[in-house]
Each structure stands twice: as structure tokens, then as C-alpha cells.
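Just below is one structure, and these are the notes that go with it.
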Amino acid sequence: MLLELDADQEVLREATARYLTDQVPVDRIRTLRASPAGFDADYWRAGAELGWTSLLVSEEHGGGSISGAGLVDLTIAAHEFGLRAAPGPLVPTNVVAAALSAAGGEAHTEALENLLAGTTVASWAHAEPAPHDRLGTVALTCRVEGDEIVLDGVKRPVESAEQAGYLLVTGRTAEGLSQVLVPAGTPGVTITPLKTVDLTRRFFTVRFDGVRVPRSAVVGELGAAADQVERQLQQALVIQCAESVGAMQAAFDLTVQWSFERYSFGRPLASYQELKHRFADMKSWLEAAHAISDKAAKAVDAETPDAPELVSVAKAFNGDYGSELLQDCVQMHGGIGVTFEHDLHLFLRRVVLDRALYGTPSEHRQRIAGVVEHLKERA
């Protein structure tokens, strides 16, 4: 995504691109539709060795960034994921790894080591079904009973919950929001699959019925997780935006190539003025998506005051114009654009799903309004 990569960032980009091209070409991605997980364990383990899971983790915990801005570095890998509609729980695993690293302590050392090694993945169980929104309203309860925490409630959608070794669950206590790391096999946890348009990503409803975990499972301080959750949401949005822009870029490039190769009435489609105008619009959307996503990534990584606003602007813009761009690409391909054999639908599926995850464009516009109003009150 970045206009200029330093040498180490280019190594990450090239290694990720080469690995994804070799391991999950488009023909392989189509076969993953029938895979229960959507990705292979060995594939993810080798990806972790490339640095996919360690960029948001501190050096003292076995991670480390490339450029000093770990989240910006991670967008480079995420963009390559989007360019190839690649599988793997890149967003939730990194969000959980970052949360465990930030919380510190020895209670979650083993879990974090497993995530860094790629021997397991993790899910961020934050979103809840309607009428609760996906941007902060939490109904799941966490109550303290002696040396245990008891969880009751429902989370949906939760990415890769059935494949995850750990679930980072956001719950509500009398003091405020809390986060608890729950091993996926804990009694009382029920995981039910959901249908999704993406061929490789799997989502689930996770129900917690009297789930008991030791108090040491709390990540951070009990009742003081509001800032943590906000930080995690921003990180998730940045990674997702980078991936979405990659999918937009791939679809646009496919369509431009098609327009020069396809002839109508003795002329390439690219020579017609109406299509030129549409390409100009699409190109402006694409460049704007690159720019705002990059700016949001830098702001969130540096934790600047405008980070909440910028990341919601990026999500709202990419959600609206990404869908518009993909629909235009499909339409300009004509009938072939809606066939399963063509690659275009892989990127359409990715962008459509990303639009709905972690808040819709309209929800993020509401969020922007709230941020602006808050800044006015402080002024």
C-alpha cells in the first residue's frame, strides 16, 4: 500500500507475495470452499515464520516490527492478502496477539508463544448479534465468583472460532468492560457455524453458558478494558482496510487488462469514451482508498488524537466505494464477470464481506459524528 517501502519492508512484501502465490493460487482458493477451516494448518504455521503474527507484539515477548511501526508493516502483508483473496485469520490473530502483549504478565505467555509460532490461531469475540451494535455495545456478562470469572452471553460473528485455540472475549462487569482469554474447549462454550459469501473465511456464533475460567484469564484489569477494546477495534479496521484495498486493486487491474484485450466493433473496450470516464472514476476511488487507509494506519500506530476519526473515515469510504468499484468491474466484464470460473468474484466476495465486518459504513459515519462532537465539547 505504501508508496515507498524501505528495504526490510520490501523483503516482507516480496516474501508474502511469493509465498501466497505459491501456496494459494486462485485454483487452490476455489477448492477451499469445501474446507472446514478455509486454510491449512501448515500454511498458517509457515506464514507465522514470515512474520504474519509477530508485528504487533513487543520484542520482549518474541515479536517486533520491521520499521518501528508494526501496524504499518502489517498492512503490507494484509494488502498482499487482499490482492490474492488469500485465506487465514490475519485480523483476529493479530488483534489478540497485540492485546496479550500489551497486557503483559506471565498468565498468557504460553498462549502468546503459540500464536507467534503459528501452532494455533485466536479469535476476537467482541461483536454481538442485533439489537446490539458492532461498535461497542456489549451485553455478555462477566461476573466474579471467588477465584473464577463466569461468562454468559452470545458473540457473533466470530472469525475462525472453531479453528481457534483461544477466544478473547469482551464482556461487561459492574465496573465496566473486561476482556477474558477463554480456551476454545472450555465447558459451556458452544460454537455454531454461519454462512458467508467468502470462500475461505469462516464465521461462527459463539455462546457462553456459565463458562468458568480462573481469574488469571482476565487480560489487563477487570472492568478497565474500554481503552483496550477501542485500540483493538482500530487495529482490526486498519488491517481490514489494507486487505480491502488490495482486493480493490486486484479487481481494477483485472478489468483494465480485460478492457484492452476485449474488442467490440473492431475496437478495444478501453477506447470507448464512456468506459474511459468510468475507469477515471474507479481510479480516483482506488487512489483515495490507498491514501486514507495509509493515513489511518500511521495514525493508529502512533496513537494520535485523530486516529479514531481517520480509521472510521477509511472504513466508511472503502466500504462504500469498494463495493461500487467491484460492481462496476463486474458490469464491465459483461456476462463473464458473474461466472464462478472467472477470478473477479473472489475479490467481490472479500470486499462485500469486509464492508459488513467491524461496523458498516453508516455505523462508522455515526462514529465519526460522535468523535467530532466530542472534540467540539473538549474545545
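Residues are referred to by chain and number: the chain letter is A, B, ... according to the order shown in the C-alpha cells, the number counts from 1 in that chain, and ligands are numbered separately from 1 in the order shown.
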For the structure I just gave you, how does DSSP split segment 9-71 of chain A - specifically, which residues are alpha helix (DSSP H)? Reply as a ChimeraX atom specification. /A:9-23,26-31,41-49,70-71
Enumerate, in order of chain and increasing residue number, the residues of segment 142-162 of chain A with an atom no farther than 12 Å from segment 19-42 of chain A, each with its shortest atom pair and distance in Å to one decimal, counting only C-alpha atoms, as a Markdown table.
| residue | atom | partner | partner_atom | distance |
| --- | --- | --- | --- | --- |
| A:Glu159 | CA | A:Ala37 | CA | 10.3 |
| A:Ser160 | CA | A:Ala37 | CA | 7.2 |
| A:Ala161 | CA | A:Ala37 | CA | 9.6 |
| A:Glu162 | CA | A:Ala37 | CA | 7.9 |
Could you turn the residues from that selection into a file that holds C-alpha atoms, as a PDB file, in the first residue's frame?
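Once written, again14.pdb looks like this:
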ATOM      1  CA  GLU A 159     -13.968 -15.422  12.739  1.00  0.00           C
ATOM      2  CA  SER A 160     -12.327 -18.875  12.821  1.00  0.00           C
ATOM      3  CA  ALA A 161     -13.832 -19.660  16.236  1.00  0.00           C
ATOM      4  CA  GLU A 162     -13.989 -23.388  15.510  1.00  0.00           C
TER       5      GLU A 162
END
Test item: residues at most 6 Å from segment 80-92 of chain A, only C-alpha atoms, excluding those fewer than 4 positions along its chain, as a VMD selection string: chain A and resid 17 39 123 to 124 200 236 243 to 244 246 to 247 250
From A:Ala111, A:Leu269, A:Val351, A:Ala288, residue lying nearest His333 of chain A [only C-alpha atoms]: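 With only C-alpha atoms as the atom set, the closest residue is A:Leu269.
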Residues near Glu363 of chain A, cut-off 10 Å, only C-alpha atoms, skip fewer than 2 positions along chain, as a short mmCIF file (atom, residue, chain, number, x, y, z; two decimals) with N, CA and C atoms, in the first residue's frame:
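As a result, around_35.cif now contains:
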data_model
loop_
_atom_site.label_atom_id
_atom_site.label_comp_id
_atom_site.auth_asym_id
_atom_site.auth_seq_id
_atom_site.Cartn_x
_atom_site.Cartn_y
_atom_site.Cartn_z
N ASP A 133 -25.04 -3.34 18.73
CA ASP A 133 -24.28 -2.97 17.54
C ASP A 133 -22.90 -3.60 17.56
N ARG A 134 -22.14 -3.35 16.49
CA ARG A 134 -20.82 -3.96 16.35
C ARG A 134 -19.70 -3.01 16.72
N LEU A 135 -20.04 -1.90 17.34
CA LEU A 135 -19.02 -0.89 17.62
C LEU A 135 -18.89 -0.57 19.10
N SER A 312 -12.25 5.44 11.02
CA SER A 312 -13.65 5.31 10.63
C SER A 312 -13.90 5.92 9.25
N LYS A 315 -12.74 3.25 6.86
CA LYS A 315 -13.68 2.13 6.76
C LYS A 315 -14.93 2.53 6.00
N ALA A 316 -15.48 3.71 6.29
CA ALA A 316 -16.70 4.16 5.61
C ALA A 316 -16.44 4.36 4.12
N ALA A 356 -19.14 -5.30 5.79
CA ALA A 356 -20.06 -5.54 6.89
C ALA A 356 -19.36 -5.80 8.22
N TYR A 358 -16.95 -5.41 11.49
CA TYR A 358 -16.45 -4.34 12.36
C TYR A 358 -17.15 -3.01 12.11
N GLY A 359 -18.41 -3.08 11.74
CA GLY A 359 -19.20 -1.88 11.54
C GLY A 359 -19.39 -1.54 10.07
N THR A 360 -20.61 -1.19 9.70
CA THR A 360 -20.91 -0.81 8.33
C THR A 360 -20.49 0.64 8.08
N PRO A 361 -20.44 1.08 6.82
CA PRO A 361 -20.13 2.49 6.56
C PRO A 361 -21.04 3.46 7.30
N ARG A 365 -19.94 6.30 9.97
CA ARG A 365 -20.26 7.73 9.83
C ARG A 365 -20.87 8.26 11.14
N GLN A 366 -21.69 7.45 11.78
CA GLN A 366 -22.21 7.84 13.09
C GLN A 366 -21.07 7.97 14.10
N ARG A 367 -20.14 7.07 14.02
CA ARG A 367 -18.98 7.10 14.92
C ARG A 367 -18.15 8.37 14.69
N ILE A 368 -17.97 8.74 13.43
CA ILE A 368 -17.24 9.98 13.11
C ILE A 368 -17.95 11.19 13.70
N ALA A 369 -19.27 11.22 13.55
CA ALA A 369 -20.04 12.33 14.11
C ALA A 369 -19.86 12.41 15.62
#
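Compared by their closest atoms to Arg355 of chain A, and using only C-alpha atoms, the residues A:Ser178, A:Gln235, A:Asn318, A:Gln273 rank with A:Asn318 nearest.
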Residues near segment 56-69 of chain A, cut-off 10 Å, only C-alpha atoms, skip fewer than 4 positions along chain, as a PyMOL selection string: chain A and resi 5-9+11-12+51-52+73-74+94-102+104+109+112-113+116-117+235+297-298+300-302
Test item, strand (DSSP E or B) assignment across segment 35-128 of chain A, answer as a PyMOL selection string: chain A and resi 122-125
Using atom CA of Phe208 of chain A and atom CA of Gln240 of chain A as the two end points, give the distance in Å to one decimal. 26.8 Å
Pick out the closest residue to Gly146 of chain A from this set: A:Val189, A:Ala103, A:His79, A:Arg215. Count only C-alpha atoms.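 Selected residue with least distance to Gly146 of chain A: A:Arg215.
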Considering only C-alpha atoms, return as an MDAnalysis selection string whatever protein or nucleic-acid residues lie within 6 Å of Asp152 of chain A, sequence-local ones (same chain, fewer than 2 positions apart) excluded. chainID A and resid 140:141 208:210
I need the residues from that last selection saved to file as a PDB file, in the first residue's frame (with all heavy atoms), if you can.
ATOM      1  N   LEU A 140     -22.787  -9.349  26.827  1.00  0.00           N
ATOM      2  CA  LEU A 140     -22.242 -10.523  27.509  1.00  0.00           C
ATOM      3  C   LEU A 140     -21.722 -10.108  28.887  1.00  0.00           C
ATOM      4  O   LEU A 140     -21.053  -9.087  29.031  1.00  0.00           O
ATOM      5  CB  LEU A 140     -21.112 -11.132  26.684  1.00  0.00           C
ATOM      6  CG  LEU A 140     -20.494 -12.420  27.234  1.00  0.00           C
ATOM      7  CD1 LEU A 140     -20.178 -13.392  26.114  1.00  0.00           C
ATOM      8  CD2 LEU A 140     -19.227 -12.141  28.048  1.00  0.00           C
ATOM      9  N   THR A 141     -22.040 -10.900  29.886  1.00  0.00           N
ATOM     10  CA  THR A 141     -21.676 -10.541  31.255  1.00  0.00           C
ATOM     11  C   THR A 141     -20.507 -11.374  31.762  1.00  0.00           C
ATOM     12  O   THR A 141     -20.378 -12.555  31.443  1.00  0.00           O
ATOM     13  CB  THR A 141     -22.866 -10.738  32.212  1.00  0.00           C
ATOM     14  OG1 THR A 141     -23.276 -12.113  32.190  1.00  0.00           O
ATOM     15  CG2 THR A 141     -24.029  -9.844  31.808  1.00  0.00           C
ATOM     16  N   PHE A 208     -21.830 -18.541  25.306  1.00  0.00           N
ATOM     17  CA  PHE A 208     -21.183 -18.803  26.589  1.00  0.00           C
ATOM     18  C   PHE A 208     -22.271 -18.994  27.640  1.00  0.00           C
ATOM     19  O   PHE A 208     -23.006 -18.057  27.967  1.00  0.00           O
ATOM     20  CB  PHE A 208     -20.267 -17.634  26.982  1.00  0.00           C
ATOM     21  CG  PHE A 208     -19.164 -17.371  25.996  1.00  0.00           C
ATOM     22  CD1 PHE A 208     -19.388 -16.577  24.871  1.00  0.00           C
ATOM     23  CD2 PHE A 208     -17.912 -17.923  26.173  1.00  0.00           C
ATOM     24  CE1 PHE A 208     -18.385 -16.324  23.953  1.00  0.00           C
ATOM     25  CE2 PHE A 208     -16.888 -17.679  25.260  1.00  0.00           C
ATOM     26  CZ  PHE A 208     -17.132 -16.880  24.145  1.00  0.00           C
ATOM     27  N   ASP A 209     -22.400 -20.211  28.122  1.00  0.00           N
ATOM     28  CA  ASP A 209     -23.423 -20.544  29.125  1.00  0.00           C
ATOM     29  C   ASP A 209     -22.744 -20.960  30.421  1.00  0.00           C
ATOM     30  O   ASP A 209     -22.320 -22.112  30.589  1.00  0.00           O
ATOM     31  CB  ASP A 209     -24.322 -21.672  28.617  1.00  0.00           C
ATOM     32  CG  ASP A 209     -25.148 -21.250  27.406  1.00  0.00           C
ATOM     33  OD1 ASP A 209     -25.774 -20.185  27.461  1.00  0.00           O
ATOM     34  OD2 ASP A 209     -25.147 -21.995  26.405  1.00  0.00           O
ATOM     35  N   GLY A 210     -22.607 -20.013  31.336  1.00  0.00           N
ATOM     36  CA  GLY A 210     -21.957 -20.310  32.606  1.00  0.00           C
ATOM     37  C   GLY A 210     -20.530 -20.778  32.449  1.00  0.00           C
ATOM     38  O   GLY A 210     -20.074 -21.662  33.193  1.00  0.00           O
TER      39      GLY A 210
END
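Near Arg143 of chain A, within a cut-off of 9 Å and counting only C-alpha atoms, sit the residues Glu148, Ile149, Val150, Leu151, Asp152, Arg172, Thr173 and Ala174 of chain A, with same-chain residues fewer than 5 positions away left out.
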Write a file of the selected residues as an mmCIF file, in the first residue's frame, keeping N, CA and C atoms.
data_model
loop_
_atom_site.group_PDB
_atom_site.id
_atom_site.type_symbol
_atom_site.label_atom_id
_atom_site.label_comp_id
_atom_site.auth_asym_id
_atom_site.auth_seq_id
_atom_site.Cartn_x
_atom_site.Cartn_y
_atom_site.Cartn_z
ATOM 1 N N GLU A 148 -12.892 -17.301 40.299
ATOM 2 C CA GLU A 148 -13.296 -17.596 38.931
ATOM 3 C C GLU A 148 -14.061 -16.433 38.307
ATOM 4 N N ILE A 149 -14.035 -16.398 36.978
ATOM 5 C CA ILE A 149 -14.850 -15.481 36.188
ATOM 6 C C ILE A 149 -15.878 -16.321 35.454
ATOM 7 N N VAL A 150 -17.139 -15.917 35.522
ATOM 8 C CA VAL A 150 -18.224 -16.661 34.878
ATOM 9 C C VAL A 150 -18.781 -15.812 33.737
ATOM 10 N N LEU A 151 -18.840 -16.390 32.531
ATOM 11 C CA LEU A 151 -19.289 -15.674 31.338
ATOM 12 C C LEU A 151 -20.630 -16.214 30.871
ATOM 13 N N ASP A 152 -21.542 -15.291 30.538
ATOM 14 C CA ASP A 152 -22.833 -15.652 29.964
ATOM 15 C C ASP A 152 -23.181 -14.664 28.861
ATOM 16 N N ARG A 172 -19.044 -7.510 30.007
ATOM 17 C CA ARG A 172 -19.382 -6.359 30.849
ATOM 18 C C ARG A 172 -19.452 -6.794 32.307
ATOM 19 N N THR A 173 -18.764 -6.044 33.140
ATOM 20 C CA THR A 173 -18.837 -6.225 34.580
ATOM 21 C C THR A 173 -19.449 -4.973 35.197
ATOM 22 N N ALA A 174 -19.658 -5.015 36.505
ATOM 23 C CA ALA A 174 -20.220 -3.844 37.184
ATOM 24 C C ALA A 174 -19.299 -2.638 37.047
#
Atom CA of Val218 of chain A to atom CA of Leu181 of chain A, straight-line distance in Å: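 If I compute the distance from atom CA of Leu181 of chain A to atom CA of Val218 of chain A, I get 6.3 Å.
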